[in-house]
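Presented below is the structure to which this report refers.
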Amino acid sequence: MALQSVKSFGETMIDHICTNINSDEEKFRTFIGGPLNAEGGKVLVDRLLHLFNLRNKVELSEIIGVSTGSIATWQTRSTVPYELLIRIHLATGISMEYLLFDKAEDDLNVMSYCSNPNETPSFVTINQNIKSFHYPLHQPIHCDGGLQIINRLQKVLKIDSKAELGRLCSVNIGTLATWQTRKTTPHELLCRVHLATGVSMHYLCFGKEWNPPQIEKPEIKNWMEASRTRVGEPKFCNRNKKNNLPLHDWMVTETDSKAYLSVFEIDEGDMKKVDQLKINDEFLTLFSIDDDGLSIIAKDTHYFIDPKITTITKGQYLFRVNDSYQLGELRHLPDGNIYLIEEHEKFIFDPASTIVLGKVTSTLRRV
């Protein structure tokens with residue numbers, strides 16, 4: 001009697017995952033199970049020079065914000081700088097298949113997001129259009145990391161535990177624990193999951209798809225003005241009754257110049273207007289804000305934000321990183337650096353890639 005082949009646990013898991021996420025099984029197996037067989041070093045450097053139409057490594061160094069010494073080290077050690085390749089992919093739309101393996105299935109025009117997409121790329125034209133790219137080419141992108149990225153990968157791959165994730169992707173459980181503790185972004189693994197599943201790199205990095213930024217720092221006040229509704233104009237009526245605090249009659253009197261303070265909620269990095277508070281001069285004085293301020297609602301607490309205070313000293317601030325809004329404690333410490341403080345840990349804050357939208361001046365909490 002012929003013996004039937006028995007699938008291993010890993011093969012059974014892959015079959016189950018491919019069925020659940022509707023992924024090509026051969027492609028999934030090729031990429032998910034171990035480190036990528038991508039060629040780095042001089043081959044990769046020459047590919048980037050060709051892609052951006054640059055003359056030498058000095059020009060490449062300035063475009064990508066990496067020293068020529070680091071580029072030389074990549075060449076000596078045949079390094080694949082995965083964070084940089086993800087950055088180029090997100091900034092320009094050039095496929096990861098090309099950046100990693102020189103497979104040019106898509107358009108290789110790095111200028112496709114620029115105002116004149118038909119312009120020939122060069123050191124000069126790239127610098128002239130540097131603000132047109134979806135993300136800065138010359139500085140690291142601050143992707144999610146740690147438990148947040150681990151949970152997202154489990155969700156994408158439709159598996160239930162870190163142990164399963166480790167077995168599937170050939171990552172030691174101790175390494176996963178280190179990623180969680182240090183809030184590490186596993187760039188190489190993100191590349192593998194992207195190639196294996198077809199899930200967009202932007203979603204893997206940030207938990208949402210890319211949307212054009214709508215707000216720039218010089219326009220913050222105008223945005224606040226546009227969000228605020230004065231008496232006589234249509235009211236915003238979609239009241240979030242679960243979270244919002246009750247309004248009191250003392251907040252407004254007949255003689256006051258009545259206004260409405262916009263209330264926003266932050267949900268997975270998106271900032272959405274959910275309500276408005278009727279306010280008067282006494283209210284503004286009590287909570288140390290002007291009528292161009294706003295409120296962020298979180299659980300049962302209103303955080304009142306003054307958008308004119310954007311210099312970081314110490315306190316809670318509203319800020320935006322890579323189009324993701326956050327409310328957190330920032331401190332400017334004696335070493336000259338600014339840090340994001342989370343519980344007993346601190347993380348260096350990059351002012352170059354972050355827009356501070358205002359400081360929390362007071363709070364109002366339901367008890």
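Scheme for the structure tokens: letters A, B, ... for chains in order shown; per-chain residue numbers from 1; ligand numbers from 1 in order shown.
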
Who sits within 8 Å of A:Leu36, only C-alpha atoms, same chain under 2 positions skipped, as a ChimeraX atom specification: /A:31,34,38,188,192

Restricted to N, CA and C atoms, what would the selected residues look like written as a CSV table (one decimal), in the first residue's frame?
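selection_20.csv, written as the output of this step:
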chain,number,residue,atom,x,y,z
A,31,PHE,N,9.1,34.1,-0.1
A,31,PHE,CA,9.6,35.3,0.7
A,31,PHE,C,9.4,35.2,2.2
A,34,GLY,N,12.3,33.1,5.4
A,34,GLY,CA,13.6,33.4,5.9
A,34,GLY,C,14.1,34.7,5.3
A,38,ALA,N,18.6,39.3,-1.2
A,38,ALA,CA,18.7,40.5,-2.0
A,38,ALA,C,20.2,40.8,-2.0
A,188,GLU,N,13.5,44.5,7.4
A,188,GLU,CA,13.7,43.4,6.5
A,188,GLU,C,12.4,42.5,6.5
A,192,ARG,N,9.7,41.4,3.5
A,192,ARG,CA,9.2,40.0,3.2
A,192,ARG,C,7.7,39.9,3.2

Under the rule of at most 9 Å, produce a per-residue listing of stretch 25-70 of chain A near stretch 133-142 of chain A: chain, number, name, the closest pair of atoms, and the distance in Å, as a tab-separated table, using only C-alpha atoms.
residue	atom	partner	partner_atom	distance
A:Ser61	CA	A:His138	CA	8.7
A:Glu62	CA	A:His138	CA	7.2
A:Ile63	CA	A:His138	CA	5.7
A:Ile64	CA	A:His138	CA	4.1
A:Gly65	CA	A:His138	CA	4.1
A:Val66	CA	A:His138	CA	7.5

Just want the 6 Å neighbourhood of A:Asp306, counted on only C-alpha atoms, with same-chain residues fewer than 3 positions away dropped. Output as a tab-separated table (two decimals) with all heavy atoms, in the first residue's frame.
chain	number	residue	atom	x	y	z
A	289	ILE	N	-6.96	79.06	27.27
A	289	ILE	CA	-6.86	78.97	25.81
A	289	ILE	C	-7.53	80.18	25.19
A	289	ILE	O	-8.30	80.89	25.84
A	289	ILE	CB	-7.52	77.69	25.26
A	289	ILE	CG1	-8.99	77.59	25.72
A	289	ILE	CG2	-6.75	76.44	25.63
A	289	ILE	CD1	-9.74	76.46	25.06
A	293	GLY	N	-8.27	77.89	19.80
A	293	GLY	CA	-7.79	76.61	20.28
A	293	GLY	C	-8.70	75.47	19.85
A	293	GLY	O	-9.64	75.65	19.07
A	309	ILE	N	1.37	77.71	20.99
A	309	ILE	CA	2.54	77.23	21.74
A	309	ILE	C	3.10	76.00	21.03
A	309	ILE	O	2.59	74.89	21.17
A	309	ILE	CB	2.16	76.87	23.20
A	309	ILE	CG1	1.49	78.06	23.89
A	309	ILE	CG2	3.41	76.44	23.97
A	309	ILE	CD1	1.01	77.75	25.30
A	358	GLY	N	0.55	72.22	18.86
A	358	GLY	CA	0.11	72.99	20.01
A	358	GLY	C	0.37	72.25	21.31
A	358	GLY	O	0.72	71.06	21.32
A	359	LYS	N	0.21	72.96	22.41
A	359	LYS	CA	0.46	72.40	23.74
A	359	LYS	C	-0.84	72.30	24.53
A	359	LYS	O	-1.71	73.17	24.42
A	359	LYS	CB	1.46	73.30	24.51
A	359	LYS	CG	1.85	72.73	25.88
A	359	LYS	CD	2.88	73.62	26.56
A	359	LYS	CE	3.31	73.03	27.91
A	359	LYS	NZ	4.31	73.84	28.59

Give me the residues within 12 Å of A:Tyr325 as an MDAnalysis selection string, counting only C-alpha atoms and dropping any in the same chain fewer than 6 places off. chainID A and resid 206 213 215 264:272 296 317:319 354:358

Selected residues written out, N, CA and C atoms, as a JSON list (two decimals), in the first residue's frame:
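And here is the file that came out, out10.json:
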[["chain", "number", "residue", "atom", "x", "y", "z"],
["A", 206, "PHE", "N", 2.59, 51.90, 8.91],
["A", 206, "PHE", "CA", 1.84, 52.90, 9.68],
["A", 206, "PHE", "C", 0.42, 52.48, 10.05],
["A", 213, "PRO", "N", -1.12, 64.83, 2.65],
["A", 213, "PRO", "CA", -1.26, 65.70, 3.83],
["A", 213, "PRO", "C", -2.07, 66.94, 3.49],
["A", 215, "ILE", "N", -2.57, 69.50, 5.96],
["A", 215, "ILE", "CA", -2.27, 70.61, 6.87],
["A", 215, "ILE", "C", -0.78, 70.87, 6.91],
["A", 264, "PHE", "N", -11.94, 67.16, 18.73],
["A", 264, "PHE", "CA", -11.42, 66.14, 17.83],
["A", 264, "PHE", "C", -11.12, 64.86, 18.61],
["A", 265, "GLU", "N", -11.05, 63.78, 17.87],
["A", 265, "GLU", "CA", -10.68, 62.48, 18.43],
["A", 265, "GLU", "C", -9.55, 61.92, 17.56],
["A", 266, "ILE", "N", -8.56, 61.29, 18.19],
["A", 266, "ILE", "CA", -7.46, 60.67, 17.44],
["A", 266, "ILE", "C", -7.70, 59.16, 17.44],
["A", 267, "ASP", "N", -7.85, 58.61, 16.24],
["A", 267, "ASP", "CA", -8.12, 57.18, 16.08],
["A", 267, "ASP", "C", -7.10, 56.59, 15.13],
["A", 268, "GLU", "N", -6.15, 55.79, 15.67],
["A", 268, "GLU", "CA", -5.09, 55.17, 14.87],
["A", 268, "GLU", "C", -4.36, 56.19, 14.00],
["A", 269, "GLY", "N", -4.07, 57.34, 14.58],
["A", 269, "GLY", "CA", -3.29, 58.36, 13.88],
["A", 269, "GLY", "C", -4.11, 59.36, 13.10],
["A", 270, "ASP", "N", -5.39, 59.06, 12.85],
["A", 270, "ASP", "CA", -6.26, 60.00, 12.15],
["A", 270, "ASP", "C", -6.93, 60.93, 13.15],
["A", 271, "MET", "N", -7.05, 62.19, 12.78],
["A", 271, "MET", "CA", -7.66, 63.18, 13.66],
["A", 271, "MET", "C", -9.00, 63.59, 13.06],
["A", 272, "LYS", "N", -10.10, 63.28, 13.79],
["A", 272, "LYS", "CA", -11.43, 63.49, 13.25],
["A", 272, "LYS", "C", -12.24, 64.39, 14.17],
["A", 296, "ILE", "N", -8.96, 67.90, 22.30],
["A", 296, "ILE", "CA", -8.85, 66.49, 21.94],
["A", 296, "ILE", "C", -9.56, 65.69, 23.02],
["A", 317, "TYR", "N", 1.84, 67.63, 24.34],
["A", 317, "TYR", "CA", 1.72, 68.36, 23.09],
["A", 317, "TYR", "C", 0.94, 67.53, 22.07],
["A", 318, "LEU", "N", 0.28, 68.22, 21.16],
["A", 318, "LEU", "CA", -0.31, 67.59, 19.98],
["A", 318, "LEU", "C", 0.69, 67.74, 18.86],
["A", 319, "PHE", "N", 1.06, 66.61, 18.21],
["A", 319, "PHE", "CA", 2.04, 66.68, 17.13],
["A", 319, "PHE", "C", 1.71, 65.66, 16.05],
["A", 354, "THR", "N", 8.76, 66.14, 12.29],
["A", 354, "THR", "CA", 7.58, 66.25, 13.15],
["A", 354, "THR", "C", 7.07, 67.69, 13.18],
["A", 355, "ILE", "N", 5.78, 67.84, 13.12],
["A", 355, "ILE", "CA", 5.14, 69.16, 13.23],
["A", 355, "ILE", "C", 4.40, 69.22, 14.56],
["A", 356, "VAL", "N", 4.78, 70.18, 15.41],
["A", 356, "VAL", "CA", 4.09, 70.39, 16.67],
["A", 356, "VAL", "C", 2.91, 71.31, 16.42],
["A", 357, "LEU", "N", 1.71, 70.88, 16.79],
["A", 357, "LEU", "CA", 0.49, 71.62, 16.50],
["A", 357, "LEU", "C", -0.02, 72.43, 17.69],
["A", 358, "GLY", "N", 0.55, 72.22, 18.86],
["A", 358, "GLY", "CA", 0.11, 72.99, 20.01],
["A", 358, "GLY", "C", 0.37, 72.25, 21.31]]

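One finds atom CA of A:Phe349 at 10.9 Å from atom CA of A:Glu329.
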
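Considering only C-alpha atoms, the residue among A:Glu164, A:Glu25, A:Asp102, A:Asp350 positioned nearest to A:Leu44 is A:Asp102.
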